[in-house]
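Next comes my_file.cif, with mmCIF, C-alpha atoms.
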```
data_target
#
loop_
_atom_site.label_atom_id
_atom_site.label_comp_id
_atom_site.auth_asym_id
_atom_site.auth_seq_id
_atom_site.Cartn_x
_atom_site.Cartn_y
_atom_site.Cartn_z
CA MET A 255 -1.63 -17.76 19.42
CA THR A 256 -1.00 -14.56 21.41
CA ASP A 257 -0.06 -11.06 20.36
CA SER A 258 3.14 -11.03 22.39
CA GLY A 259 5.31 -13.42 20.45
CA ALA A 260 6.51 -14.72 23.82
CA THR A 261 6.52 -18.35 22.67
CA VAL A 262 8.47 -17.56 19.51
CA LEU A 263 11.84 -15.97 20.34
CA PRO A 264 13.18 -15.34 23.85
CA GLY A 265 14.07 -11.78 22.91
CA LEU A 266 10.45 -11.03 22.02
CA ALA A 267 9.40 -12.55 25.34
CA GLU A 268 11.72 -10.15 27.17
CA ILE A 269 9.89 -7.12 25.74
CA ALA A 270 6.39 -8.59 25.60
CA GLU A 271 4.96 -6.22 28.22
CA VAL A 272 6.70 -3.06 27.04
CA GLY A 273 4.24 -0.65 25.47
CA ARG A 274 1.32 -3.03 25.57
CA ASP A 275 -1.79 -1.05 24.63
CA ARG A 276 -4.68 -1.98 26.92
CA VAL A 277 -7.20 0.04 24.88
CA ARG A 278 -6.31 -0.71 21.24
CA GLY A 279 -4.72 -4.09 21.84
CA GLY A 280 -1.24 -4.87 20.58
CA TYR A 281 1.53 -2.35 21.22
CA THR A 282 1.97 1.40 21.09
CA ARG A 283 5.64 2.38 21.07
CA HIS A 284 6.41 5.82 19.66
CA LEU A 285 9.70 7.63 19.22
CA LEU A 286 11.28 8.41 22.61
CA ASP A 287 8.10 7.85 24.62
CA HIS A 288 8.41 5.76 27.77
CA ALA A 289 7.92 2.44 25.96
CA GLU A 290 10.41 3.18 23.18
CA ARG A 291 13.02 4.45 25.65
CA THR A 292 12.58 1.24 27.62
CA LEU A 293 13.21 -0.75 24.44
CA ARG A 294 16.30 1.34 23.71
CA ASP A 295 17.64 0.46 27.17
CA TRP A 296 16.81 -3.21 26.56
CA PHE A 297 18.70 -3.13 23.26
CA VAL A 298 21.76 -1.61 24.92
CA GLU A 299 21.68 -4.29 27.62
CA ARG A 300 21.26 -7.16 25.15
CA ALA A 301 23.97 -5.86 22.83
CA THR A 302 26.39 -5.13 25.66
CA ARG A 303 25.87 -8.65 26.94
CA LEU A 304 27.21 -9.83 23.58
CA GLY A 305 30.25 -7.59 23.89
CA LEU A 306 29.00 -5.13 21.27
CA ASP A 307 29.75 -1.42 21.53
CA VAL A 308 26.59 0.67 21.38
CA GLU A 309 26.33 4.28 20.25
CA VAL A 310 23.49 6.64 19.34
CA ASP A 311 24.12 8.72 16.23
CA ARG A 312 23.25 12.37 15.68
CA ASN A 313 19.75 11.43 14.43
CA GLY A 314 18.73 9.14 17.29
CA ASN A 315 19.53 5.85 15.54
CA SER A 316 21.28 3.19 17.65
CA TRP A 317 24.28 1.17 16.43
CA ALA A 318 25.76 -1.90 18.12
CA TRP A 319 29.19 -2.67 16.67
CA TRP A 320 30.78 -6.09 16.60
CA GLY A 321 34.38 -4.95 16.47
CA ALA A 322 35.57 -1.47 15.53
CA PRO A 323 33.51 0.66 13.13
CA GLY A 324 35.06 1.08 9.73
CA PRO A 325 34.49 1.19 5.98
CA ASP A 326 32.56 -1.44 4.01
CA ALA A 327 30.55 -2.38 7.09
CA PHE A 328 27.92 -5.11 7.04
CA VAL A 329 24.82 -3.75 8.81
CA THR A 330 21.60 -5.49 9.74
CA GLY A 331 18.72 -4.49 12.00
CA SER A 332 15.32 -2.83 11.86
CA HIS A 333 13.27 -0.66 14.26
CA LEU A 334 11.58 -0.86 17.66
CA ASP A 335 8.79 1.72 17.36
CA SER A 336 5.26 0.77 16.32
CA VAL A 337 2.04 2.09 14.88
CA PRO A 338 -0.73 2.70 17.45
CA GLY A 339 -1.93 -0.74 18.52
CA GLY A 340 0.58 -2.53 16.30
CA GLY A 341 1.74 -6.13 16.38
CA ALA A 342 4.63 -7.72 18.24
CA PHE A 343 6.74 -8.54 15.18
CA ASP A 344 6.86 -5.45 12.94
CA GLY A 345 10.34 -4.12 13.67
CA PRO A 346 11.35 -6.02 16.83
CA LEU A 347 11.57 -9.34 14.94
CA GLY A 348 14.41 -7.93 12.85
CA VAL A 349 16.26 -6.57 15.88
CA VAL A 350 15.85 -9.72 17.97
CA SER A 351 16.83 -11.95 15.03
CA ALA A 352 19.99 -9.89 14.48
CA LEU A 353 20.98 -10.19 18.14
CA ASP A 354 20.31 -13.94 18.06
CA ALA A 355 22.29 -14.36 14.85
CA VAL A 356 25.32 -12.57 16.31
CA ALA A 357 25.10 -14.67 19.47
CA ARG A 358 25.00 -17.86 17.41
CA LEU A 359 27.99 -16.79 15.31
CA GLN A 360 29.97 -15.87 18.39
CA ALA A 361 29.25 -19.31 19.83
CA GLU A 362 30.61 -20.83 16.61
CA GLY A 363 33.78 -18.80 16.96
CA HIS A 364 33.08 -16.69 13.88
CA ARG A 365 35.16 -13.53 13.59
CA PRO A 366 33.84 -11.06 11.01
CA SER A 367 36.37 -9.97 8.41
CA ARG A 368 34.64 -6.61 7.96
CA PRO A 369 33.04 -4.16 10.40
CA THR A 370 29.65 -5.50 11.45
CA ALA A 371 26.79 -3.72 13.22
CA ILE A 372 23.16 -4.01 14.27
CA ALA A 373 21.23 -0.78 13.64
CA VAL A 374 17.95 0.30 15.21
CA PHE A 375 16.43 3.14 13.23
CA ALA A 376 14.35 5.86 14.86
CA GLU A 377 10.71 6.68 14.02
CA GLU A 378 10.39 4.11 11.23
CA GLU A 379 6.60 4.09 11.44
CA GLY A 380 6.27 7.87 11.62
CA SER A 381 3.52 7.44 14.21
CA ARG A 382 4.64 10.28 16.47
CA PHE A 383 5.88 12.93 14.03
CA GLY A 384 4.19 11.91 10.79
CA VAL A 385 7.22 11.14 8.62
CA ALA A 386 7.97 7.45 8.13
CA CYS A 387 11.60 6.23 8.27
CA LEU A 388 12.60 9.56 9.79
CA GLY A 389 15.88 8.28 11.25
CA SER A 390 17.14 6.82 7.98
CA ARG A 391 15.82 9.81 6.01
CA LEU A 392 17.79 12.21 8.20
CA LEU A 393 20.89 10.01 8.01
CA SER A 394 20.75 9.95 4.20
CA GLY A 395 19.65 13.55 3.70
CA ALA A 396 16.23 12.64 2.32
CA VAL A 397 14.61 15.13 4.71
CA SER A 398 16.10 18.42 5.85
CA PRO A 399 16.99 18.91 9.52
CA GLU A 400 15.08 22.20 9.56
CA ARG A 401 11.86 20.52 8.47
CA ALA A 402 12.37 17.55 10.77
CA LEU A 403 13.10 19.56 13.92
CA ALA A 404 9.96 21.63 13.36
CA LEU A 405 7.70 18.56 13.23
CA THR A 406 5.27 18.30 16.15
CA ASP A 407 3.41 15.41 17.72
CA ALA A 408 -0.27 15.29 18.67
CA ASP A 409 0.45 17.26 21.85
CA GLY A 410 2.26 20.00 19.95
CA THR A 411 5.72 19.00 21.19
CA SER A 412 8.42 19.46 18.58
CA LEU A 413 10.94 16.85 17.54
CA GLU A 414 13.63 19.32 18.56
CA ALA A 415 12.30 19.39 22.12
CA VAL A 416 11.88 15.61 22.29
CA LEU A 417 15.43 14.97 21.11
CA ALA A 418 16.85 17.50 23.56
CA SER A 419 14.95 15.89 26.45
CA ALA A 420 16.55 12.56 25.50
CA GLY A 421 20.05 14.03 25.50
CA ILE A 422 20.38 14.16 21.70
CA ASP A 423 21.75 17.52 20.52
CA PRO A 424 19.27 18.94 17.97
CA SER A 425 22.02 21.03 16.37
CA GLY A 426 23.66 17.82 15.15
CA VAL A 427 20.58 16.45 13.40
CA GLY A 428 20.96 15.95 9.66
CA PRO A 429 22.89 14.12 6.96
CA ASP A 430 25.71 11.88 8.15
CA PRO A 431 27.71 11.18 4.98
CA ASP A 432 30.65 9.52 6.73
CA ARG A 433 28.42 6.99 8.46
CA LEU A 434 26.36 6.40 5.35
CA SER A 435 29.37 5.87 3.09
CA GLY A 436 30.78 3.38 5.58
CA ILE A 437 27.87 0.96 5.02
CA GLY A 438 28.98 -1.66 2.49
CA THR A 439 25.84 -3.82 2.75
CA PHE A 440 22.55 -3.42 4.62
CA VAL A 441 20.22 -6.40 5.12
CA GLU A 442 16.93 -5.91 6.99
CA LEU A 443 14.93 -8.89 8.24
CA HIS A 444 11.22 -8.17 8.70
CA VAL A 445 7.98 -10.05 9.24
CA GLU A 446 6.11 -10.23 5.94
CA GLN A 447 3.22 -7.79 5.74
CA GLY A 448 0.94 -9.81 3.51
CA ARG A 449 0.30 -13.43 2.44
CA GLY A 450 2.90 -13.98 -0.27
CA LEU A 451 4.86 -16.60 1.65
CA VAL A 452 1.69 -18.33 2.80
CA ASP A 453 0.68 -18.83 -0.82
CA LEU A 454 4.17 -19.99 -1.76
CA GLY A 455 4.47 -22.38 1.19
CA ALA A 456 7.90 -20.99 2.12
CA PRO A 457 9.17 -19.59 5.45
CA VAL A 458 11.60 -16.96 4.12
CA ALA A 459 11.80 -14.73 1.03
CA MET A 460 13.71 -11.76 -0.31
CA ALA A 461 12.21 -8.41 -1.30
CA SER A 462 12.22 -7.37 -4.94
CA SER A 463 10.64 -3.91 -4.63
CA ILE A 464 8.65 -1.48 -2.48
CA LEU A 465 5.62 0.39 -3.79
CA GLY A 466 5.97 4.14 -4.07
CA HIS A 467 3.98 5.67 -1.23
CA GLY A 468 3.24 8.87 0.63
CA ARG A 469 1.11 10.64 3.20
CA TRP A 470 -1.05 13.71 2.67
CA ARG A 471 -2.93 15.83 5.22
CA PHE A 472 -6.35 17.19 4.17
CA ARG A 473 -7.64 20.06 6.32
CA PHE A 474 -11.24 21.24 5.89
CA THR A 475 -12.34 24.44 7.60
CA GLY A 476 -15.90 25.71 8.05
CA GLN A 477 -17.95 27.37 10.76
CA GLY A 478 -18.21 25.86 14.21
CA ASN A 479 -21.69 26.20 15.64
CA HIS A 480 -24.38 24.78 17.91
CA ALA A 481 -25.73 21.37 16.81
CA GLY A 482 -29.27 22.16 17.94
CA ALA A 483 -29.58 25.84 17.11
CA THR A 484 -28.21 25.78 13.55
CA LEU A 485 -30.54 24.84 10.70
CA MET A 486 -29.24 22.31 8.21
CA THR A 487 -29.50 24.91 5.46
CA ASP A 488 -27.32 27.35 7.41
CA ARG A 489 -24.36 25.07 8.02
CA ARG A 490 -20.79 25.15 6.75
CA ASP A 491 -19.85 21.76 8.14
CA PRO A 492 -16.33 20.49 7.36
CA MET A 493 -17.19 17.05 8.72
CA VAL A 494 -19.75 16.52 5.98
CA ALA A 495 -17.23 17.58 3.33
CA ALA A 496 -14.49 15.35 4.73
CA ALA A 497 -16.85 12.39 5.06
CA ALA A 498 -17.92 12.68 1.42
CA VAL A 499 -14.29 12.53 0.29
CA ILE A 500 -13.37 9.65 2.57
CA ALA A 501 -16.35 7.64 1.35
CA GLY A 502 -15.20 8.07 -2.24
CA VAL A 503 -11.54 7.14 -1.74
CA PRO A 504 -11.92 3.35 -2.26
CA ALA A 505 -13.74 3.72 -5.58
CA LEU A 506 -11.11 6.15 -6.88
CA ALA A 507 -8.29 3.80 -5.86
CA ARG A 508 -9.93 0.80 -7.54
CA GLN A 509 -9.80 2.66 -10.85
CA HIS A 510 -6.00 2.50 -10.75
CA GLY A 511 -5.12 -1.21 -10.84
CA ASP A 512 -2.85 -2.12 -7.94
CA ALA A 513 -3.17 1.29 -6.21
CA ARG A 514 -4.07 1.40 -2.51
CA ALA A 515 -5.51 4.41 -0.69
CA THR A 516 -6.35 4.56 3.01
CA VAL A 517 -7.71 7.08 5.48
CA GLY A 518 -6.82 5.73 8.90
CA ARG A 519 -6.72 8.89 10.97
CA LEU A 520 -9.22 11.72 11.41
CA ARG A 521 -9.33 14.66 13.83
CA SER A 522 -12.09 17.22 14.39
CA VAL A 523 -11.97 20.55 16.20
CA PRO A 524 -13.32 21.10 18.80
CA GLY A 525 -14.53 17.50 18.93
CA GLY A 526 -17.77 17.90 20.90
CA THR A 527 -20.78 15.66 20.33
CA ASN A 528 -23.20 18.60 20.20
CA VAL A 529 -20.90 20.91 18.25
CA ILE A 530 -20.62 21.43 14.50
CA ALA A 531 -16.89 21.16 13.85
CA SER A 532 -14.93 24.22 12.82
CA ALA A 533 -12.14 22.13 11.27
CA VAL A 534 -11.63 18.52 10.29
CA GLU A 535 -8.35 16.91 9.26
CA PHE A 536 -7.73 13.49 7.82
CA TRP A 537 -4.57 11.81 6.63
CA LEU A 538 -4.40 9.90 3.34
CA ASP A 539 -1.93 7.08 2.69
CA ALA A 540 -1.62 6.31 -1.04
CA ARG A 541 0.55 3.72 -2.82
CA ALA A 542 0.99 2.07 -6.21
CA GLY A 543 3.55 0.18 -8.22
CA ASP A 544 3.94 3.13 -10.60
CA ASP A 545 4.74 6.49 -9.01
CA THR A 546 2.81 8.41 -11.67
CA VAL A 547 -0.28 6.37 -10.76
CA THR A 548 0.07 7.28 -7.08
CA GLN A 549 0.41 10.96 -7.89
CA ALA A 550 -2.55 10.84 -10.28
CA LEU A 551 -4.71 9.16 -7.66
CA VAL A 552 -3.83 11.77 -5.04
CA ALA A 553 -4.61 14.54 -7.53
CA GLU A 554 -8.06 13.01 -8.13
CA ILE A 555 -8.75 12.77 -4.40
CA ALA A 556 -7.60 16.38 -3.93
CA ALA A 557 -9.96 17.48 -6.70
CA ALA A 558 -12.81 15.62 -5.00
CA ALA A 559 -11.90 17.37 -1.75
CA ARG A 560 -12.07 20.81 -3.35
CA ALA A 561 -15.46 20.00 -4.86
CA ALA A 562 -16.83 18.71 -1.55
CA ALA A 563 -15.52 21.75 0.30
CA THR A 564 -17.20 24.12 -2.16
CA ALA A 565 -20.49 22.22 -2.00
CA ASN A 566 -20.53 22.61 1.78
CA GLY A 567 -19.35 26.21 2.02
CA CYS A 568 -15.95 25.18 3.35
CA GLU A 569 -12.31 25.50 2.39
CA VAL A 570 -9.69 22.77 2.11
CA SER A 571 -5.89 22.57 2.01
CA VAL A 572 -3.83 19.53 1.01
CA THR A 573 -0.28 19.12 2.34
CA GLU A 574 2.19 16.41 1.34
CA GLU A 575 3.82 15.19 4.56
CA SER A 576 6.03 12.49 3.09
CA TRP A 577 6.79 10.81 -0.22
CA SER A 578 8.92 7.78 -1.11
CA ALA A 579 9.38 6.79 -4.72
CA ARG A 580 9.18 3.16 -5.81
CA VAL A 581 12.22 1.13 -4.79
CA ASP A 582 13.66 -1.74 -6.81
CA PHE A 583 16.30 -3.52 -4.76
CA PRO A 584 19.57 -4.06 -6.66
CA ASP A 585 20.46 -7.47 -8.04
CA GLY A 586 23.89 -7.63 -6.38
CA PRO A 587 22.88 -8.17 -2.74
CA ARG A 588 19.94 -10.37 -3.77
CA THR A 589 22.21 -12.59 -5.85
CA ALA A 590 24.69 -12.90 -2.99
CA ILE A 591 21.93 -13.80 -0.50
CA ASP A 592 20.35 -16.28 -2.89
CA ARG A 593 23.71 -17.99 -3.32
CA VAL A 594 24.03 -18.29 0.47
CA LEU A 595 20.48 -19.49 1.10
CA VAL A 596 19.79 -21.65 -1.95
CA GLY A 597 18.03 -24.78 -0.78
CA ALA A 598 18.52 -28.47 -1.44
CA GLY A 599 18.22 -29.25 -5.14
CA GLY A 600 19.21 -25.71 -6.05
CA ARG A 601 15.78 -24.22 -5.35
CA PRO A 602 16.10 -20.39 -5.40
CA VAL A 603 14.83 -18.24 -2.54
CA PRO A 604 11.40 -16.74 -3.33
CA VAL A 605 11.40 -13.05 -4.28
CA LEU A 606 8.39 -10.89 -3.41
CA PRO A 607 7.36 -7.24 -3.81
CA THR A 608 6.01 -5.41 -0.79
CA GLY A 609 3.59 -2.58 -0.31
CA ALA A 610 5.11 -1.59 3.03
CA GLY A 611 7.85 1.01 3.42
CA HIS A 612 11.11 0.19 5.22
CA ASP A 613 14.42 1.79 6.19
CA ALA A 614 16.08 -0.59 3.73
CA GLY A 615 14.16 1.15 0.98
CA VAL A 616 15.42 4.58 2.03
CA LEU A 617 19.01 3.36 2.33
CA SER A 618 18.92 1.51 -1.00
CA ALA A 619 19.29 4.81 -2.84
CA HIS A 620 22.75 5.13 -1.30
CA VAL A 621 24.10 1.70 -0.33
CA PRO A 622 23.64 -1.94 -1.48
CA ALA A 623 20.54 -3.04 0.44
CA ALA A 624 18.33 -6.11 0.64
CA MET A 625 15.47 -7.49 2.75
CA LEU A 626 14.52 -10.87 4.14
CA PHE A 627 10.86 -11.58 4.91
CA VAL A 628 9.62 -14.13 7.45
CA ARG A 629 6.23 -15.76 6.83
CA ASN A 630 3.17 -14.31 8.53
CA PRO A 631 0.39 -16.94 8.51
CA THR A 632 -2.37 -14.41 9.21
CA GLY A 633 -1.23 -12.00 6.52
CA VAL A 634 -2.21 -9.26 8.99
CA SER A 635 0.16 -6.47 10.01
CA HIS A 636 -0.12 -3.15 11.85
CA ALA A 637 -2.63 -4.91 14.10
CA PRO A 638 -2.55 -7.22 17.15
CA GLU A 639 -3.22 -10.29 14.96
CA GLU A 640 0.18 -9.95 13.28
CA TRP A 641 2.05 -13.23 13.81
CA SER A 642 4.90 -15.50 12.86
CA ASP A 643 5.23 -19.11 14.02
CA ALA A 644 8.17 -20.38 16.04
CA ASP A 645 9.57 -22.53 13.23
CA ASP A 646 9.41 -19.66 10.75
CA CYS A 647 11.07 -17.24 13.17
CA ALA A 648 13.81 -19.83 13.68
CA ALA A 649 14.16 -20.13 9.90
CA GLY A 650 14.56 -16.37 9.72
CA VAL A 651 17.30 -16.36 12.35
CA ASP A 652 19.02 -19.23 10.55
CA ALA A 653 18.87 -17.39 7.22
CA LEU A 654 20.23 -14.16 8.70
CA THR A 655 22.98 -16.09 10.51
CA ARG A 656 24.08 -17.69 7.26
CA VAL A 657 24.02 -14.37 5.44
CA ILE A 658 26.12 -12.63 8.09
CA ARG A 659 28.55 -15.57 8.23
CA GLU A 660 29.13 -15.64 4.49
CA LEU A 661 29.12 -11.88 3.82
CA THR A 662 31.47 -11.06 6.70
#
```
For the structure just supplied, provide its representation as structure tokens.
Amino acid sequence: MTDSGATVLPGLAEIAEVGRDRVRGGYTRHLLDHAERTLRDWFVERATRLGLDVEVDRNGNSWAWWGAPGPDAFVTGSHLDSVPGGGAFDGPLGVVSALDAVARLQAEGHRPSRPTAIAVFAEEEGSRFGVACLGSRLLSGAVSPERALALTDADGTSLEAVLASAGIDPSGVGPDPDRLSGIGTFVELHVEQGRGLVDLGAPVAMASSILGHGRWRFRFTGQGNHAGATLMTDRRDPMVAAAAVIAGVPALARQHGDARATVGRLRSVPGGTNVIASAVEFWLDARAGDDTVTQALVAEIAAAARAAATANGCEVSVTEESWSARVDFPDGPRTAIDRVLVGAGGRPVPVLPTGAGHDAGVLSAHVPAAMLFVRNPTGVSHAPEEWSDADDCAAGVDALTRVIRELT
């Protein structure tokens, strides 16, 4: 097993060295950084080789059309960006599988009866600008262009500036109702992020739902000072307040059934070893099957943060950076896919919920959408150990090929 996926699908082998993170392991590919731009160029080359016409929409999403664009289009695809130190499969597997499926259908002589496209959505992970599924949110109007363009990355560079440097006109960013209304069906293939298929002993499944989830930024402010010259009784240390809250997050989440709460990112200012911090920020990811549960959990954590700040002579602010309500995928596309993929003896395709957010979830509020999952034997995702075996990846390509063939 490697973290490149090079032995699984040739397309993954072609991009196995792009964005490889020598410090974290895995891959770091963020919106319009060098690695992600290289992947965009690779996608254009691969799609053009298949005779597809590639365009970049007003929000930085890429579209490769098999035939002329038009109404009632069948669209598949995923994303190419990653979390810091992410795996080889999260996102690229869906893009590579779509390209392979189109190539296979072309070799069979299939001619789609409806417009067909492969889409690559921008900033799905939200790792550069903090808002997950940003490309599909902008397309569908789920986030305003004014808010999006003002977002900044860790270096303080705005999305507006990054788009402009890539030749994407920031003045065009925002809802694209004509493009959105032209999508008749969207099917996203993705590596499973969990062990559902391992437990079921199946290579491919469909998604039933996505947990409601969001991200919140907690900012504690106190008094920066000298680590050696300041008595413990004289301190207003935001690190101590933040640490107390972080330590209590798991216990609060466990009180809410299937809820999940994670602090995976923390930043202190000024960040010196011998300096009491003047400010500390951490980012909370919270999810649950019931949206009211998620909101209640976040409210409890915010209350704990206010109490910890007061106890340590500090102040705290809590900012919601993104929120996605629970998604239940419609029966129509799932029924159609199940009819296409039903196995020998009439065995239905497994249906699984997921705790991970996806562009398909954002689009499902506007167009008929569905997801296919490919088994991940480790159950690990957002880490270098993420994996899918060659036979299962082939089963995923086969399933997507059959779906495209029958639905186009």
Mind giving me the axis-aligned box for stretch 308-312 of chain A with 4 Å on every side, centre plus edges in Å to one decimal, as AutoDock Vina command-line options?
```
--center_x 24.9 --center_y 6.5 --center_z 18.5 --size_x 11.3 --size_y 19.7 --size_z 13.7
```
Give me the result of the PyMOL selection byres ((chain A and resi 539) around 6) on this file, residue by residue, as a PyMOL selection string.
chain A and resi 468-469+515-516+538+540
Include C-alpha atoms and write out the residues we just selected as a CSV table (one decimal), keeping the file's coordinate frame.
```csv
chain,number,residue,atom,x,y,z
A,468,GLY,CA,3.2,8.9,0.6
A,469,ARG,CA,1.1,10.6,3.2
A,515,ALA,CA,-5.5,4.4,-0.7
A,516,THR,CA,-6.4,4.6,3.0
A,538,LEU,CA,-4.4,9.9,3.3
A,540,ALA,CA,-1.6,6.3,-1.0
```
Could you list, as a PDB file with C-alpha atoms, in the frame of the given file, every residue within 9 Å of A:Ala558, counting all atoms listed in the file and ignoring same-chain residues fewer than 3 positions away?
```pdb
ATOM      1  CA  ALA A 498     -17.920  12.680   1.420  1.00  0.00           C
ATOM      2  CA  VAL A 499     -14.290  12.530   0.290  1.00  0.00           C
ATOM      3  CA  GLY A 502     -15.200   8.070  -2.240  1.00  0.00           C
ATOM      4  CA  ALA A 553      -4.610  14.540  -7.530  1.00  0.00           C
ATOM      5  CA  GLU A 554      -8.060  13.010  -8.130  1.00  0.00           C
ATOM      6  CA  ILE A 555      -8.750  12.770  -4.400  1.00  0.00           C
ATOM      7  CA  ALA A 561     -15.460  20.000  -4.860  1.00  0.00           C
ATOM      8  CA  ALA A 562     -16.830  18.710  -1.550  1.00  0.00           C
ATOM      9  CA  ALA A 563     -15.520  21.750   0.300  1.00  0.00           C
TER      10      ALA A 563
END
```
Counting all atoms listed in the file, what is within 7 Å of stretch 369-383 of chain A, bar same-chain residues fewer than 4 positions away, as a ChimeraX atom specification?
/A:284-285,314-324,326-337,352,387-390,405-407,613
Since I can't run it myself right now, could you work out what the PyMOL selection byres ((chain A and resi 393) around 10) selects here and report it as number ranges by chain?
A: 311-315, 375, 388-392, 394-399, 427-434, 616-617
Neighbour list for A:Asp488 as a ChimeraX atom specification, cut-off 12 Å, all atoms listed in the file, skip fewer than 6 positions in-chain:
/A:476-482,530,566-567
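Shortest separation to A:Asp592 among A:Ala355, A:Met460, A:Val534, A:Ala623 occurs at residue A:Met460, atoms counted being all atoms listed in the file.
The shortest atom-to-atom distance to A:Leu353, with only C-alpha atoms taken into account, belongs to A:Gly305 out of A:Gly305, A:Gly341, A:Pro604, A:Gly543.
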Might you pull out every residue within 10 Å of A:Trp296, with only C-alpha atoms counted and same-chain residues fewer than 6 positions away left off, and present them as JSON, numbers by chain?
{"A": [265, 268, 269, 290, 302]}
What would the file look like if the residues just selected were written as a short mmCIF file (atom, residue, chain, number, x, y, z; two decimals), keeping the file's coordinate frame with C-alpha atoms?
```
data_model
loop_
_atom_site.label_atom_id
_atom_site.label_comp_id
_atom_site.auth_asym_id
_atom_site.auth_seq_id
_atom_site.Cartn_x
_atom_site.Cartn_y
_atom_site.Cartn_z
CA GLY A 265 14.07 -11.78 22.91
CA GLU A 268 11.72 -10.15 27.17
CA ILE A 269 9.89 -7.12 25.74
CA GLU A 290 10.41 3.18 23.18
CA THR A 302 26.39 -5.13 25.66
#
```
